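**Q** My questions will all concern the structure given below.
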Amino acid sequence: MNIAVFPGSFDPVTLGHMDLIRRAADIFDRVYVCAMVNSGKQPMFPAEQRHAMLRAATADIPNVTAELWTGLLADYAKERGARYLIKGVRNGTDFDTELGMAQINRALEPTLDTVLLPARTEFLHLSSTMVREMVKYARPLEPYMPAAAIEIMKGR
């Protein structure tokens, strides 16, 4: 069974994330979408809410499981029996960052490979940072976030 992990802060989950998750679900038998807790970041949404938004957004994809993790990504992947990490890239900067992270994760867990999925053109502009600005200024979120995640966020 080919198992992959798609990690991120998902602060919040975006339509760009969802496109990558659906594409990964078409490639792999099982995909764990992992909302990571990064002690170096100050998220807008608490970890439990990010996890709830992610669970709601992925509920209709049968081979996807959304989870929350506070440790190292390589340890999470090993615990789930995953051999692949999925990362989305929008540009050269993303590629450079993810290449370095892939090397670190491979050093921690030698059987772990990183698969880079290029963002589709319609999602190149989309980032969680941009969506947080839309949230901050009470702008419509439907063009940027899955409806199920918006409903969870409104309950905040």
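By convention here, the chains of the structure tokens are called A, B, ... in the order presented, each chain's residues are numbered starting at 1, and ligands are numbered starting at 1 in the order presented.
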Identify, on the basis of only C-alpha atoms, every residue whose closest approach to Leu141 in chain A does not exceed 12 Å; exclude the query and any residue fewer than 3 positions from it along the same chain; express the result as an mmCIF file with N, CA and C atoms, in the first residue's frame.
**A**
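New file out-v5.cif:
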```
data_model
loop_
_atom_site.group_PDB
_atom_site.id
_atom_site.type_symbol
_atom_site.label_atom_id
_atom_site.label_comp_id
_atom_site.auth_asym_id
_atom_site.auth_seq_id
_atom_site.Cartn_x
_atom_site.Cartn_y
_atom_site.Cartn_z
ATOM 1 N N PRO A 12 -5.625 29.129 7.437
ATOM 2 C CA PRO A 12 -6.532 27.985 7.349
ATOM 3 C C PRO A 12 -6.288 27.166 6.081
ATOM 4 N N VAL A 13 -7.053 26.072 5.952
ATOM 5 C CA VAL A 13 -7.024 25.252 4.749
ATOM 6 C C VAL A 13 -7.628 26.068 3.601
ATOM 7 N N THR A 14 -6.999 25.982 2.428
ATOM 8 C CA THR A 14 -7.440 26.756 1.274
ATOM 9 C C THR A 14 -7.889 25.832 0.140
ATOM 10 N N LEU A 15 -8.484 26.432 -0.886
ATOM 11 C CA LEU A 15 -8.846 25.657 -2.071
ATOM 12 C C LEU A 15 -7.606 25.122 -2.778
ATOM 13 N N LEU A 126 -2.770 31.932 -4.317
ATOM 14 C CA LEU A 126 -3.473 31.618 -3.079
ATOM 15 C C LEU A 126 -2.520 31.119 -2.005
ATOM 16 N N SER A 128 -2.339 30.690 2.603
ATOM 17 C CA SER A 128 -3.032 30.860 3.884
ATOM 18 C C SER A 128 -2.830 32.273 4.423
ATOM 19 N N MET A 130 -2.628 35.054 2.707
ATOM 20 C CA MET A 130 -3.580 35.926 2.018
ATOM 21 C C MET A 130 -4.994 35.706 2.556
ATOM 22 N N VAL A 131 -5.361 34.450 2.799
ATOM 23 C CA VAL A 131 -6.703 34.157 3.308
ATOM 24 C C VAL A 131 -6.876 34.731 4.711
ATOM 25 N N ARG A 132 -5.829 34.668 5.539
ATOM 26 C CA ARG A 132 -5.932 35.271 6.880
ATOM 27 C C ARG A 132 -6.210 36.764 6.790
ATOM 28 N N GLU A 133 -5.652 37.440 5.801
ATOM 29 C CA GLU A 133 -5.957 38.858 5.590
ATOM 30 C C GLU A 133 -7.429 39.048 5.238
ATOM 31 N N MET A 134 -7.962 38.168 4.420
ATOM 32 C CA MET A 134 -9.388 38.241 4.059
ATOM 33 C C MET A 134 -10.257 38.026 5.294
ATOM 34 N N VAL A 135 -9.845 37.094 6.157
ATOM 35 C CA VAL A 135 -10.573 36.849 7.405
ATOM 36 C C VAL A 135 -10.514 38.095 8.282
ATOM 37 N N LYS A 136 -9.327 38.641 8.427
ATOM 38 C CA LYS A 136 -9.111 39.813 9.287
ATOM 39 C C LYS A 136 -10.006 40.978 8.878
ATOM 40 N N TYR A 137 -10.185 41.163 7.569
ATOM 41 C CA TYR A 137 -10.977 42.294 7.072
ATOM 42 C C TYR A 137 -12.390 41.896 6.656
ATOM 43 N N ALA A 138 -12.831 40.729 7.134
ATOM 44 C CA ALA A 138 -14.202 40.253 6.935
ATOM 45 C C ALA A 138 -14.629 40.254 5.465
ATOM 46 N N TYR A 144 -11.747 31.285 -1.730
ATOM 47 C CA TYR A 144 -10.442 30.894 -1.216
ATOM 48 C C TYR A 144 -10.432 29.636 -0.347
ATOM 49 N N MET A 145 -11.559 29.321 0.279
ATOM 50 C CA MET A 145 -11.611 28.225 1.251
ATOM 51 C C MET A 145 -12.753 27.267 0.929
ATOM 52 N N PRO A 146 -12.609 25.993 1.318
ATOM 53 C CA PRO A 146 -13.725 25.061 1.157
ATOM 54 C C PRO A 146 -14.882 25.458 2.078
ATOM 55 N N ALA A 147 -16.104 25.287 1.591
ATOM 56 C CA ALA A 147 -17.306 25.697 2.335
ATOM 57 C C ALA A 147 -17.371 25.048 3.717
ATOM 58 N N ALA A 148 -17.028 23.769 3.814
ATOM 59 C CA ALA A 148 -17.095 23.070 5.106
ATOM 60 C C ALA A 148 -16.154 23.690 6.131
ATOM 61 N N ALA A 149 -14.988 24.142 5.681
ATOM 62 C CA ALA A 149 -14.024 24.800 6.583
ATOM 63 C C ALA A 149 -14.521 26.179 7.001
ATOM 64 N N ILE A 150 -15.170 26.885 6.088
ATOM 65 C CA ILE A 150 -15.721 28.207 6.419
ATOM 66 C C ILE A 150 -16.754 28.065 7.531
ATOM 67 N N GLU A 151 -17.596 27.035 7.441
ATOM 68 C CA GLU A 151 -18.626 26.808 8.473
ATOM 69 C C GLU A 151 -17.996 26.564 9.843
ATOM 70 N N MET A 153 -15.026 27.600 10.774
ATOM 71 C CA MET A 153 -14.380 28.840 11.178
ATOM 72 C C MET A 153 -15.399 29.846 11.717
ATOM 73 N N LYS A 154 -16.564 29.904 11.132
ATOM 74 C CA LYS A 154 -17.591 30.832 11.608
ATOM 75 C C LYS A 154 -18.038 30.514 13.033
#
```
**Q** Apply DSSP to the backbone of this structure and, from range 14-55 of chain A, keep only the residues in strand (DSSP E); write these as a list in words.
**A**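 Residues meeting the strand (DSSP E) criterion: Arg30, Val31, Tyr32, Val33, Cys34, Ala35 and Met36 of chain A.
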**Q** How about saving the chosen residues, N, CA and C atoms kept, as a PDB file, in the first residue's frame?
**A**
```pdb
ATOM      1  N   ARG A  30      -3.542   5.755   0.418  1.00  0.00           N
ATOM      2  CA  ARG A  30      -3.958   6.411   1.662  1.00  0.00           C
ATOM      3  C   ARG A  30      -3.162   7.689   1.796  1.00  0.00           C
ATOM      4  N   VAL A  31      -3.855   8.785   2.148  1.00  0.00           N
ATOM      5  CA  VAL A  31      -3.197  10.065   2.378  1.00  0.00           C
ATOM      6  C   VAL A  31      -3.596  10.564   3.765  1.00  0.00           C
ATOM      7  N   TYR A  32      -2.596  10.814   4.576  1.00  0.00           N
ATOM      8  CA  TYR A  32      -2.812  11.455   5.873  1.00  0.00           C
ATOM      9  C   TYR A  32      -2.507  12.937   5.684  1.00  0.00           C
ATOM     10  N   VAL A  33      -3.515  13.752   5.931  1.00  0.00           N
ATOM     11  CA  VAL A  33      -3.330  15.200   5.875  1.00  0.00           C
ATOM     12  C   VAL A  33      -3.125  15.638   7.311  1.00  0.00           C
ATOM     13  N   CYS A  34      -1.960  16.175   7.565  1.00  0.00           N
ATOM     14  CA  CYS A  34      -1.543  16.416   8.938  1.00  0.00           C
ATOM     15  C   CYS A  34      -1.400  17.904   9.222  1.00  0.00           C
ATOM     16  N   ALA A  35      -2.245  18.405  10.094  1.00  0.00           N
ATOM     17  CA  ALA A  35      -2.106  19.780  10.576  1.00  0.00           C
ATOM     18  C   ALA A  35      -0.991  19.768  11.619  1.00  0.00           C
ATOM     19  N   MET A  36       0.102  20.401  11.269  1.00  0.00           N
ATOM     20  CA  MET A  36       1.279  20.405  12.131  1.00  0.00           C
ATOM     21  C   MET A  36       1.212  21.588  13.101  1.00  0.00           C
TER      22      MET A  36
END
```
**Q** Given only C-alpha atoms as the basis, pick out the residue of A:Lys78, A:Arg120, A:His125, A:Arg90 nearest to Asn105 in chain A.
**A**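 Of the candidates, the smallest distance to Asn105 in chain A is held by A:Lys78.
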**Q** Quick one: residues within 12 Å of Asp26 in chain A, only C-alpha atoms, excluding same-chain residues fewer than 3 positions away - as a ChimeraX atom specification?
**A** /A:2-4,19-23,29-31,61-64
**Q** List every residue of range 22-94 of chain A that DSSP, applied to the backbone, labels as alpha helix (DSSP H), and write the result as a list in words.
**A** Arg22, Arg23, Ala24, Ala25, Asp26, Ile27, Ala47, Glu48, Gln49, Arg50, His51, Ala52, Met53, Leu54, Arg55, Ala56, Ala57, Thr58, Leu73, Ala74, Asp75, Tyr76, Ala77, Lys78, Glu79, Arg80, Gly92, Thr93 and Asp94 of chain A
**Q** Please dump the current selection as a PDB file, in the first residue's frame; keep C-alpha atoms.
**A**
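Below is the file again.pdb, written as the result:
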```pdb
ATOM      1  CA  ARG A  22      -7.476  15.540  -4.053  1.00  0.00           C
ATOM      2  CA  ARG A  23      -4.633  15.062  -6.529  1.00  0.00           C
ATOM      3  CA  ALA A  24      -2.583  13.177  -3.919  1.00  0.00           C
ATOM      4  CA  ALA A  25      -5.623  11.019  -3.095  1.00  0.00           C
ATOM      5  CA  ASP A  26      -5.785  10.028  -6.775  1.00  0.00           C
ATOM      6  CA  ILE A  27      -2.123   8.946  -6.705  1.00  0.00           C
ATOM      7  CA  ALA A  47      -4.591  23.746  16.442  1.00  0.00           C
ATOM      8  CA  GLU A  48      -7.871  22.017  17.286  1.00  0.00           C
ATOM      9  CA  GLN A  49      -9.838  24.375  15.038  1.00  0.00           C
ATOM     10  CA  ARG A  50      -7.394  23.948  12.152  1.00  0.00           C
ATOM     11  CA  HIS A  51      -7.782  20.195  12.574  1.00  0.00           C
ATOM     12  CA  ALA A  52     -11.587  20.481  12.631  1.00  0.00           C
ATOM     13  CA  MET A  53     -11.576  22.623   9.463  1.00  0.00           C
ATOM     14  CA  LEU A  54      -9.321  20.105   7.752  1.00  0.00           C
ATOM     15  CA  ARG A  55     -11.472  17.150   8.821  1.00  0.00           C
ATOM     16  CA  ALA A  56     -14.619  18.866   7.540  1.00  0.00           C
ATOM     17  CA  ALA A  57     -12.989  19.841   4.237  1.00  0.00           C
ATOM     18  CA  THR A  58     -11.702  16.318   3.535  1.00  0.00           C
ATOM     19  CA  LEU A  73       7.071  15.210  10.562  1.00  0.00           C
ATOM     20  CA  ALA A  74       9.461  12.302   9.903  1.00  0.00           C
ATOM     21  CA  ASP A  75       8.294  10.626  13.128  1.00  0.00           C
ATOM     22  CA  TYR A  76       4.642  11.087  12.156  1.00  0.00           C
ATOM     23  CA  ALA A  77       5.257   9.585   8.706  1.00  0.00           C
ATOM     24  CA  LYS A  78       7.072   6.602  10.213  1.00  0.00           C
ATOM     25  CA  GLU A  79       4.233   5.987  12.704  1.00  0.00           C
ATOM     26  CA  ARG A  80       1.705   5.964   9.844  1.00  0.00           C
ATOM     27  CA  GLY A  92      11.087  28.669  -7.212  1.00  0.00           C
ATOM     28  CA  THR A  93      11.181  29.915  -3.628  1.00  0.00           C
ATOM     29  CA  ASP A  94       8.780  27.150  -2.555  1.00  0.00           C
TER      30      ASP A  94
END
```
**Q** What is the distance between CA of Glu142 in chain A and CA of Pro118 in chain A, in Å to one decimal?
**A**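 Going from CA of Glu142 in chain A over to CA of Pro118 in chain A, I get 22.6 Å.
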**Q** Rounded to one decimal, what separation in Å do you get between CA of Ala66 in chain A and CA of Pro7 in chain A?
**A**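 Interatomic distance, CA of Ala66 in chain A to CA of Pro7 in chain A: 9.8 Å.
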**Q** Between CA of Asp113 in chain A and CA of Ala82 in chain A, what is the spacing in Å?
**A**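 So the answer is 9.3 Å.
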**Q** So, with only C-alpha atoms as the atoms that count, which of A:Ser9, A:Arg106, A:His17, A:Phe123 lies closest to Gly40 in chain A?
**A**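 For Gly40 in chain A, the nearest of the given residues is A:Ser9.
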**Q** In terms of the shortest atom-to-atom distance over only C-alpha atoms, which of A:Ile152, A:Leu124, A:Leu117, A:Leu112 is closest to Gly81 in chain A?
**A**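 Going through A:Ile152, A:Leu124, A:Leu117, A:Leu112 one by one, the smallest distance to Gly81 in chain A is for A:Leu112.
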**Q** My list of candidates is A:Asp11, A:Glu109, A:Glu122, A:Ala102. Which is closest to Lys87 in chain A when distances are computed with only C-alpha atoms?
**A**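 Looking at the shortest contact to Lys87 in chain A, the residue is A:Ala102.
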**Q** Tell me which of A:Thr121, A:Leu116, A:Gly155, A:Thr111 sits closest to Thr97 in chain A, counting only C-alpha atoms.
**A**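 The shortest atom-to-atom distance to Thr97 in chain A comes from A:Leu116.
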